[in-house]
Structures are given as C-alpha cells and as structure tokens.
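S.K.: Here it is, the structure, as structure tokens.
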Amino acid sequence: MNFSALSSISRFGCVAILSLTLGACANKNKTGGQYAGVDGDYVSGTPLPERQEGVSFVGSNVDKTQFQPIYFGYDSSDVSSSESGKLASVGQFLKSGRSTVIIAGFTDERGTEEYNRGLGERRAQAVRNWLISNGANGGSIQTVSFGEEMPAASGSDDSAYSQNRRAEIGVVK
Amino acid sequence: MKRFLSIGVFAAALLTAISVIRAQDSATITVQKGAQLNLHVAGISGGDGARVTSVLSNDLKLSDAFSLGGKDTANFIVSGTFSGSQLQGKVVDRSGGTVLAKTYSGDARRAAHQFADDIVETTTGVPGIASTTIAFVATASGKKEIYTADYDGANLRQLTRDGVISVHPSLSRDGRQLLYTGYQSGYADIYRINLASGARNRVAKFPGTNSGGAFSPSGNEFAATLSKDGNPELYIIPAGGGSARRLTRTAGVDSSPSFSPDGGRIVYTSDTSGAPQLYIIPVGGGAGSRLSTQHGYCTEPNWSPDGKKIAFNIRGGSGFQIGIVSPNGSGNRVLSTGNAEDPVWGRDSRHILYASGSALYILDAQSGRQNKVVSGLGKISEPTWSR
C-alpha cells in the first residue's frame, strides 16, 4: 500500500468520523421535528442527476458484484463506521473517473411496505451522502429503493434480517 | 316504539333529502350508537331475484347495521322485484309505511349493492359501503401485481400484468382512477390507470424513487414520496403528471400520505424523531406537527371520510395492529385483531379494510366483527378502498 492510498484512506476515516458526528447532530435536530416551509430551510441533500435512458439497477448493463453491500441497523439509515472501508473503495473508484453508480436500498421484511420503500431510499441516499461528503461527484450517483422486495437472504430470523438491511452498489458498465 | 316511530319519520325526511345528505357526507343518527336494527329480507322476486336477494343479504350483513331475522321482530321489511335489468326495491316499517321505494337499473349485483346502500343510509343516516371498489396487491402470478374487485370480493380482476414489482395501489375517491408504484423502468415510478378505459400513464418518473401516490379528494392531484432532491420527502403533483411541489423538509423518511376529506391537510409517516410517527401538514405549506399516539412505531395512516378518525399501523411484538386516533390526538385506541396491515377506511367511516397474510378482511371498528372478503391469490397486501 503506497502513501497516497494510506493518506486517502485516513482522510476517508476522518471524514467518516466527521460525517458520523454530523449524522448524530442531525438526529438530535430531528427531535425538533420539522422545518419551516421555506425552500432552503433544510438542505436535505444533493439533488439526483437525471436518469440514464435504458439503464437501471436491475438491467444487464449494471455490475452488482464489484462492491460489497453496505449493512444497516434495525430501522436505521445511519452509515456505521464498520462500513466505511467498503465505502472508501467505492469512493476511490468513483474518483477514478467516468463511472456512474446506482445505489439500491433495501430493508428487512419487518415494517410496513410503503414505509420500507422510504427507508430503503433513505439508506441509498445515506450512502450517496457519505460518498459525496468524501469527495465523490453526486452527479454520478443515482438511487433506487426496493424496500423489502428482493431480499438477499430468505427466512424470518435475525440473521436474514441483518443481511437484508442493506444498500447495494451497481456499477453502470 | 316511540323510537321506531321517530326513525320512520326521520327516514321519510331522509328519503326526500337523500342526495343532499350524500353530497354533504353528514350523518344525523337517531339510533343508539352500536344498536342494530332488526331487518327482515322478504326476498326479491323475479327472474334473477334469488341472486339479487343473496347479494343484498350479504351486503346487509357486511354493513353490520342490522340484525337479520324474521318478520315478527323486524323494524323494517325489505322486498322487491327484479326483472329485465331493473330492480324495484321497497322497505316498509312495522306499521307498513313505506320508508324506501326506488328503482335501480343495471346488472343484478350492482342493483343489489345500490339498494343495500340506500337501505343503510335511509335507516341509519350513514352512507353504505356496498357499491364500492377495492384494489390490492397479490402474488398469485408469481410477481406482485395489482388486482381490483367489488368490496365483497366479487368481480375480481387482475389489473396489471407488468411482470416486475407493482405495488401500493391507491384508488381515487370515486373509484374511477388508480395510482400505483411500478418498477418497469427498473426504478419505482408512479402510474395512473383509468379503470373504465384501461388507459395508463406514468405520472411520476423523477430521478430516484417515486412511490406512495395518494389522490386528493378532488382527484385533480396526488401526494407522493419523491427522492429527487436528495431525500425521501412528500410532494404534490398534478394527477396527469407535471411539476412537483415540495411539501416536507425533514432529515428523515416522509412517506404514506393520506388527505383529509376536505383536502386541506395530509397525515403521513415520518421518522424524524428516530422511529416512524404520524404527522399532519397543511397542503398549502407550513410545518408538519406530530400526532401523539403513544406507540413507538406508527405507519400507514389513513384519514376517514368523515374526517374524524385516522387509522394506522402499530408494530408490536408479533406483527401489526390497527390503531385509531382523532386528528387532534384524542380518542387513541387499539383495535383487537390478529396481524393486520395497511388499514383503510370505508365510505361509512366505520369499516376498515386490511390485509393479513393471504387474505383481506373488512373489520367493523364499532363492534369488532370481521369478514374475510378476498383470499386464494397468494400473499395479499396494501389494500385501497373507493369512497
């Protein structure tokens, strides 16, 4: 491992800690509930880019095996520090240039279905936000949520649930 | 006896003003809450009369407003003639006075449903649920597809054959239009189907996820969760598609909008406090305010047509229960059912349609009686009910 990779990883680490801290703050702010109905009162994130015609997460032109899934806690969209290593390699890949990715968010089968679609999307967006705050271009990251559909593991136990609470990264070929 | 007389007089007054009452969606009830009127169905004569009688009797049973029995104890007697696609329905009270006399055209089943609704409304002052439509998701084909049926499960029809994931159907109040979330593009988009013509349009296909469409009472626009701006938030979109007006601005997941019957407010789920809770936001803009339910996990709210109640899901140890709360946070209660997901109110603001595993049930929130209306289509979920 050369120096620049090391420094870049440690930079990812620092920003990861920073973004976790920010995440915690955001959670606290969340207790206050809502924001006044004026545009810009709460900047919730970076708008998504336009979709690429004919390209989607389930399409054959997307490689879903290049990166490991990012896992989440129950009913949570917080990106855990244990996942930052996997995310750092996605970040490196995105910084290398022309590639675009589609992040798909999933939930376990507990919870009602429509709420889970929202939660899956929030997980995908949390991964996207992590990558953006670590230097990736938001314009090259699209998101989609499948909620509790397409589980990675079948079964109704904690092991299956923990494998299904995930975000997968599809690389557009 | 005096009470019966007052019902009769009141019913006669209602009869002349029935269309006005429909339009106002108001209800003045002279019977004691929860009391069941005794009804005797004398039967419908004529060619298809037996079929009409059967459908009508089931409707009256599902209304939970009546105790069906013999003539001797009956407060009202139901009779009629069906011939050549015309039903002449008649209801008389104990003294033989006509309470309802009306002619219905159309097929036997439809005529029976309309007669049943008039009987319910005339004798109780509350609109009936018999001539309504339901839609839901079922997995019978191997994929999640949208199905429609009459409220009693008859006239079942598979509406989508997309072969991907088609979920979260939502009927317009009049039951003529349906929104659903479909994944044909590989993303979650919202489609609108005109149920009469079958015409389908993709009305929300913004970047990211488009889901949870719910029509406004007028049907001219719908609310939905969009993530195009970088987070799942609620937006208002014209029914035919077009630009989306943002409604919520939170750090969490905002989902599952349901309009108040006057169209002025929306109840929805947000997890901005950490776990999903119910919030109400003015459609014109402003901040959402939390509706206190005293439960840790509250999702999928549905506002009753009379505006007085919100049904929602509570997640407990073994599956889901249905909670009810008024829009001002009072009257919190939990309905006793087995596992029950995605509750939606019927037109009478009394019955609730919900999914449980492989079946749909209609629950009387007043008495707790339940009737299975759809099963045998694999896993069934996310019902919607016209009003």
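Numbering starts fresh at 1 for the residues of each chain in the structure tokens, the chains themselves are lettered A, B, ... in the order given, and ligands are numbered from 1 as they appear.
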Give as number ranges by chain every residue of chain B that touches chain A within 9 Å, counting only C-alpha atoms.
M.R.: B: 165, 167-168, 183, 185-188, 206-209, 211-212, 225-233, 246-256, 269-276, 285-290, 297, 299-300, 313, 315, 319-320, 341-342, 381-382
S.K.: Please identify the strand (DSSP E or B) residues within stretch 333-385 of chain B (assignment by DSSP from backbone atoms) and present them as a ChimeraX atom specification.
M.R.: /B:333-335,341-345,351-356,359-364,370-375,380-385
S.K.: Between B:Leu37, B:Ala74, B:Leu60, B:Val91, which residue has the minimum interatomic distance to B:Ala130, considering only C-alpha atoms?
M.R.: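 Using only C-alpha atoms, the shortest distance to B:Ala130 belongs to B:Leu60.
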S.K.: Can you list, as a list of chain:residue names, every protein, DNA or RNA residue that comes within 8 Å of B:Arg94 when you count only C-alpha atoms, leaving out same-chain residues fewer than 6 positions away?
M.R.: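 Counting only C-alpha atoms, the residues come to B:Ala74, B:Asn75, B:Phe76, B:Ile77.
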S.K.: State, in Å with one decimal place, the distance from atom CA of B:Ser386 to atom CA of B:Gln370.
M.R.: 19.0 Å
S.K.: Residues at most 10 Å from A:Gly73, counting only C-alpha atoms, excluding those fewer than 4 positions away in the same chain, as a PyMOL selection string?
M.R.: chain A and resi 77-80+107+161-162+165-166
S.K.: Next, the residues of the selection above should be written as a PDB file, in the first residue's frame with C-alpha atoms.
M.R.:
```pdb
ATOM      1  CA  SER A  77     -30.234   4.671   7.812  1.00  0.00           C
ATOM      2  CA  ASP A  78     -27.104   5.701   9.699  1.00  0.00           C
ATOM      3  CA  VAL A  79     -23.922   4.597   7.928  1.00  0.00           C
ATOM      4  CA  SER A  80     -21.982   2.644  10.535  1.00  0.00           C
ATOM      5  CA  THR A 107     -34.960  -3.305   4.134  1.00  0.00           C
ATOM      6  CA  TYR A 161     -32.906  -9.568   8.607  1.00  0.00           C
ATOM      7  CA  SER A 162     -29.360  -8.292   9.083  1.00  0.00           C
ATOM      8  CA  ARG A 165     -30.946  -4.345   5.638  1.00  0.00           C
ATOM      9  CA  ARG A 166     -28.532  -3.164   3.006  1.00  0.00           C
TER      10      ARG A 166
END
```
S.K.: If DSSP is run on the backbone, what residues of stretch 85-309 of chain B are alpha helix (DSSP H)? A reply as a list of chain:residue names would be ideal.
M.R.: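 Residues meeting the alpha helix (DSSP H) criterion: B:Ala108, B:Arg109, B:Arg110, B:Ala111, B:Ala112, B:His113, B:Gln114, B:Phe115, B:Ala116, B:Asp117, B:Asp118, B:Ile119, B:Val120, B:Glu121, B:Thr122, B:Thr123, B:Thr124.
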S.K.: Since we have the selection now, will you write its residues out, keeping N, CA and C atoms, as a PDB file, in the first residue's frame?
M.R.:
```pdb
ATOM      1  N   ALA B 108     -77.702  -7.296 -11.935  1.00  0.00           N
ATOM      2  CA  ALA B 108     -78.305  -7.713 -10.670  1.00  0.00           C
ATOM      3  C   ALA B 108     -77.431  -7.344  -9.479  1.00  0.00           C
ATOM      4  N   ARG B 109     -76.147  -7.641  -9.595  1.00  0.00           N
ATOM      5  CA  ARG B 109     -75.242  -7.405  -8.474  1.00  0.00           C
ATOM      6  C   ARG B 109     -75.136  -5.914  -8.144  1.00  0.00           C
ATOM      7  N   ARG B 110     -74.970  -5.129  -9.195  1.00  0.00           N
ATOM      8  CA  ARG B 110     -74.818  -3.690  -8.989  1.00  0.00           C
ATOM      9  C   ARG B 110     -76.101  -3.081  -8.404  1.00  0.00           C
ATOM     10  N   ALA B 111     -77.226  -3.519  -8.920  1.00  0.00           N
ATOM     11  CA  ALA B 111     -78.508  -3.011  -8.423  1.00  0.00           C
ATOM     12  C   ALA B 111     -78.684  -3.372  -6.949  1.00  0.00           C
ATOM     13  N   ALA B 112     -78.328  -4.614  -6.601  1.00  0.00           N
ATOM     14  CA  ALA B 112     -78.442  -5.056  -5.208  1.00  0.00           C
ATOM     15  C   ALA B 112     -77.576  -4.194  -4.290  1.00  0.00           C
ATOM     16  N   HIS B 113     -76.329  -3.919  -4.746  1.00  0.00           N
ATOM     17  CA  HIS B 113     -75.416  -3.087  -3.937  1.00  0.00           C
ATOM     18  C   HIS B 113     -76.003  -1.695  -3.697  1.00  0.00           C
ATOM     19  N   GLN B 114     -76.590  -1.120  -4.764  1.00  0.00           N
ATOM     20  CA  GLN B 114     -77.122   0.250  -4.622  1.00  0.00           C
ATOM     21  C   GLN B 114     -78.342   0.271  -3.706  1.00  0.00           C
ATOM     22  N   PHE B 115     -79.162  -0.769  -3.835  1.00  0.00           N
ATOM     23  CA  PHE B 115     -80.332  -0.884  -2.954  1.00  0.00           C
ATOM     24  C   PHE B 115     -79.859  -1.026  -1.501  1.00  0.00           C
ATOM     25  N   ALA B 116     -78.850  -1.875  -1.291  1.00  0.00           N
ATOM     26  CA  ALA B 116     -78.321  -2.081   0.066  1.00  0.00           C
ATOM     27  C   ALA B 116     -77.821  -0.760   0.657  1.00  0.00           C
ATOM     28  N   ASP B 117     -77.088   0.004  -0.155  1.00  0.00           N
ATOM     29  CA  ASP B 117     -76.565   1.284   0.347  1.00  0.00           C
ATOM     30  C   ASP B 117     -77.694   2.246   0.701  1.00  0.00           C
ATOM     31  N   ASP B 118     -78.754   2.253  -0.094  1.00  0.00           N
ATOM     32  CA  ASP B 118     -79.891   3.131   0.213  1.00  0.00           C
ATOM     33  C   ASP B 118     -80.601   2.677   1.490  1.00  0.00           C
ATOM     34  N   ILE B 119     -80.694   1.353   1.683  1.00  0.00           N
ATOM     35  CA  ILE B 119     -81.322   0.844   2.911  1.00  0.00           C
ATOM     36  C   ILE B 119     -80.520   1.294   4.131  1.00  0.00           C
ATOM     37  N   VAL B 120     -79.200   1.138   4.039  1.00  0.00           N
ATOM     38  CA  VAL B 120     -78.331   1.528   5.154  1.00  0.00           C
ATOM     39  C   VAL B 120     -78.463   3.024   5.423  1.00  0.00           C
ATOM     40  N   GLU B 121     -78.391   3.820   4.355  1.00  0.00           N
ATOM     41  CA  GLU B 121     -78.394   5.272   4.554  1.00  0.00           C
ATOM     42  C   GLU B 121     -79.758   5.768   5.041  1.00  0.00           C
ATOM     43  N   THR B 122     -80.825   5.161   4.521  1.00  0.00           N
ATOM     44  CA  THR B 122     -82.167   5.594   4.905  1.00  0.00           C
ATOM     45  C   THR B 122     -82.475   5.250   6.360  1.00  0.00           C
ATOM     46  N   THR B 123     -82.042   4.104   6.791  1.00  0.00           N
ATOM     47  CA  THR B 123     -82.418   3.669   8.139  1.00  0.00           C
ATOM     48  C   THR B 123     -81.414   4.064   9.212  1.00  0.00           C
ATOM     49  N   THR B 124     -80.169   4.328   8.833  1.00  0.00           N
ATOM     50  CA  THR B 124     -79.168   4.692   9.848  1.00  0.00           C
ATOM     51  C   THR B 124     -78.612   6.094   9.668  1.00  0.00           C
TER      52      THR B 124
END
```
S.K.: Please determine, counting only C-alpha atoms, which residue among A:Leu87, A:Gly139, A:Ile132, A:Ser82 has the shortest atom-to-atom distance to A:Gln68.
M.R.: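 Nearest to A:Gln68: A:Leu87.
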S.K.: Residues at most 9 Å from B:Thr81, counting only C-alpha atoms, excluding those fewer than 5 positions away in the same chain, as a PDB file with N, CA and C atoms, in the first residue's frame?
M.R.:
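After the write, selection.pdb holds the following:
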```pdb
ATOM      1  N   GLY B  43     -87.216 -11.020   0.520  1.00  0.00           N
ATOM      2  CA  GLY B  43     -86.776 -11.610  -0.741  1.00  0.00           C
ATOM      3  C   GLY B  43     -87.169 -10.758  -1.929  1.00  0.00           C
ATOM      4  N   ILE B  44     -86.394 -10.958  -2.981  1.00  0.00           N
ATOM      5  CA  ILE B  44     -86.639 -10.225  -4.228  1.00  0.00           C
ATOM      6  C   ILE B  44     -87.222 -11.232  -5.213  1.00  0.00           C
ATOM      7  N   SER B  45     -88.367 -10.921  -5.745  1.00  0.00           N
ATOM      8  CA  SER B  45     -88.989 -11.833  -6.703  1.00  0.00           C
ATOM      9  C   SER B  45     -88.526 -11.511  -8.120  1.00  0.00           C
ATOM     10  N   GLY B  46     -88.869 -12.398  -9.044  1.00  0.00           N
ATOM     11  CA  GLY B  46     -88.498 -12.166 -10.439  1.00  0.00           C
ATOM     12  C   GLY B  46     -87.389 -13.087 -10.887  1.00  0.00           C
ATOM     13  N   GLY B  47     -87.033 -13.000 -12.177  1.00  0.00           N
ATOM     14  CA  GLY B  47     -86.115 -13.923 -12.822  1.00  0.00           C
ATOM     15  C   GLY B  47     -84.817 -14.158 -12.080  1.00  0.00           C
ATOM     16  N   GLY B  49     -84.143 -12.881  -9.206  1.00  0.00           N
ATOM     17  CA  GLY B  49     -84.446 -12.406  -7.851  1.00  0.00           C
ATOM     18  C   GLY B  49     -83.639 -13.083  -6.767  1.00  0.00           C
ATOM     19  N   GLN B  86     -83.929  -4.408 -14.148  1.00  0.00           N
ATOM     20  CA  GLN B  86     -84.445  -3.342 -13.284  1.00  0.00           C
ATOM     21  C   GLN B  86     -84.863  -3.928 -11.942  1.00  0.00           C
ATOM     22  N   LEU B  87     -84.366  -3.297 -10.888  1.00  0.00           N
ATOM     23  CA  LEU B  87     -84.750  -3.722  -9.541  1.00  0.00           C
ATOM     24  C   LEU B  87     -85.644  -2.662  -8.928  1.00  0.00           C
ATOM     25  N   GLN B  88     -86.842  -3.107  -8.537  1.00  0.00           N
ATOM     26  CA  GLN B  88     -87.716  -2.201  -7.795  1.00  0.00           C
ATOM     27  C   GLN B  88     -87.639  -2.600  -6.339  1.00  0.00           C
ATOM     28  N   GLY B  89     -86.977  -1.781  -5.546  1.00  0.00           N
ATOM     29  CA  GLY B  89     -86.758  -2.110  -4.147  1.00  0.00           C
ATOM     30  C   GLY B  89     -87.720  -1.366  -3.245  1.00  0.00           C
ATOM     31  N   LYS B  90     -88.088  -2.038  -2.157  1.00  0.00           N
ATOM     32  CA  LYS B  90     -89.035  -1.418  -1.241  1.00  0.00           C
ATOM     33  C   LYS B  90     -88.705  -1.785   0.198  1.00  0.00           C
TER      34      LYS B  90
END
```
S.K.: From the list A:Ile70, A:Ala167, A:Ala136, A:Val127, which residue is nearest A:Thr100 when using only C-alpha atoms?
M.R.: A:Ala136
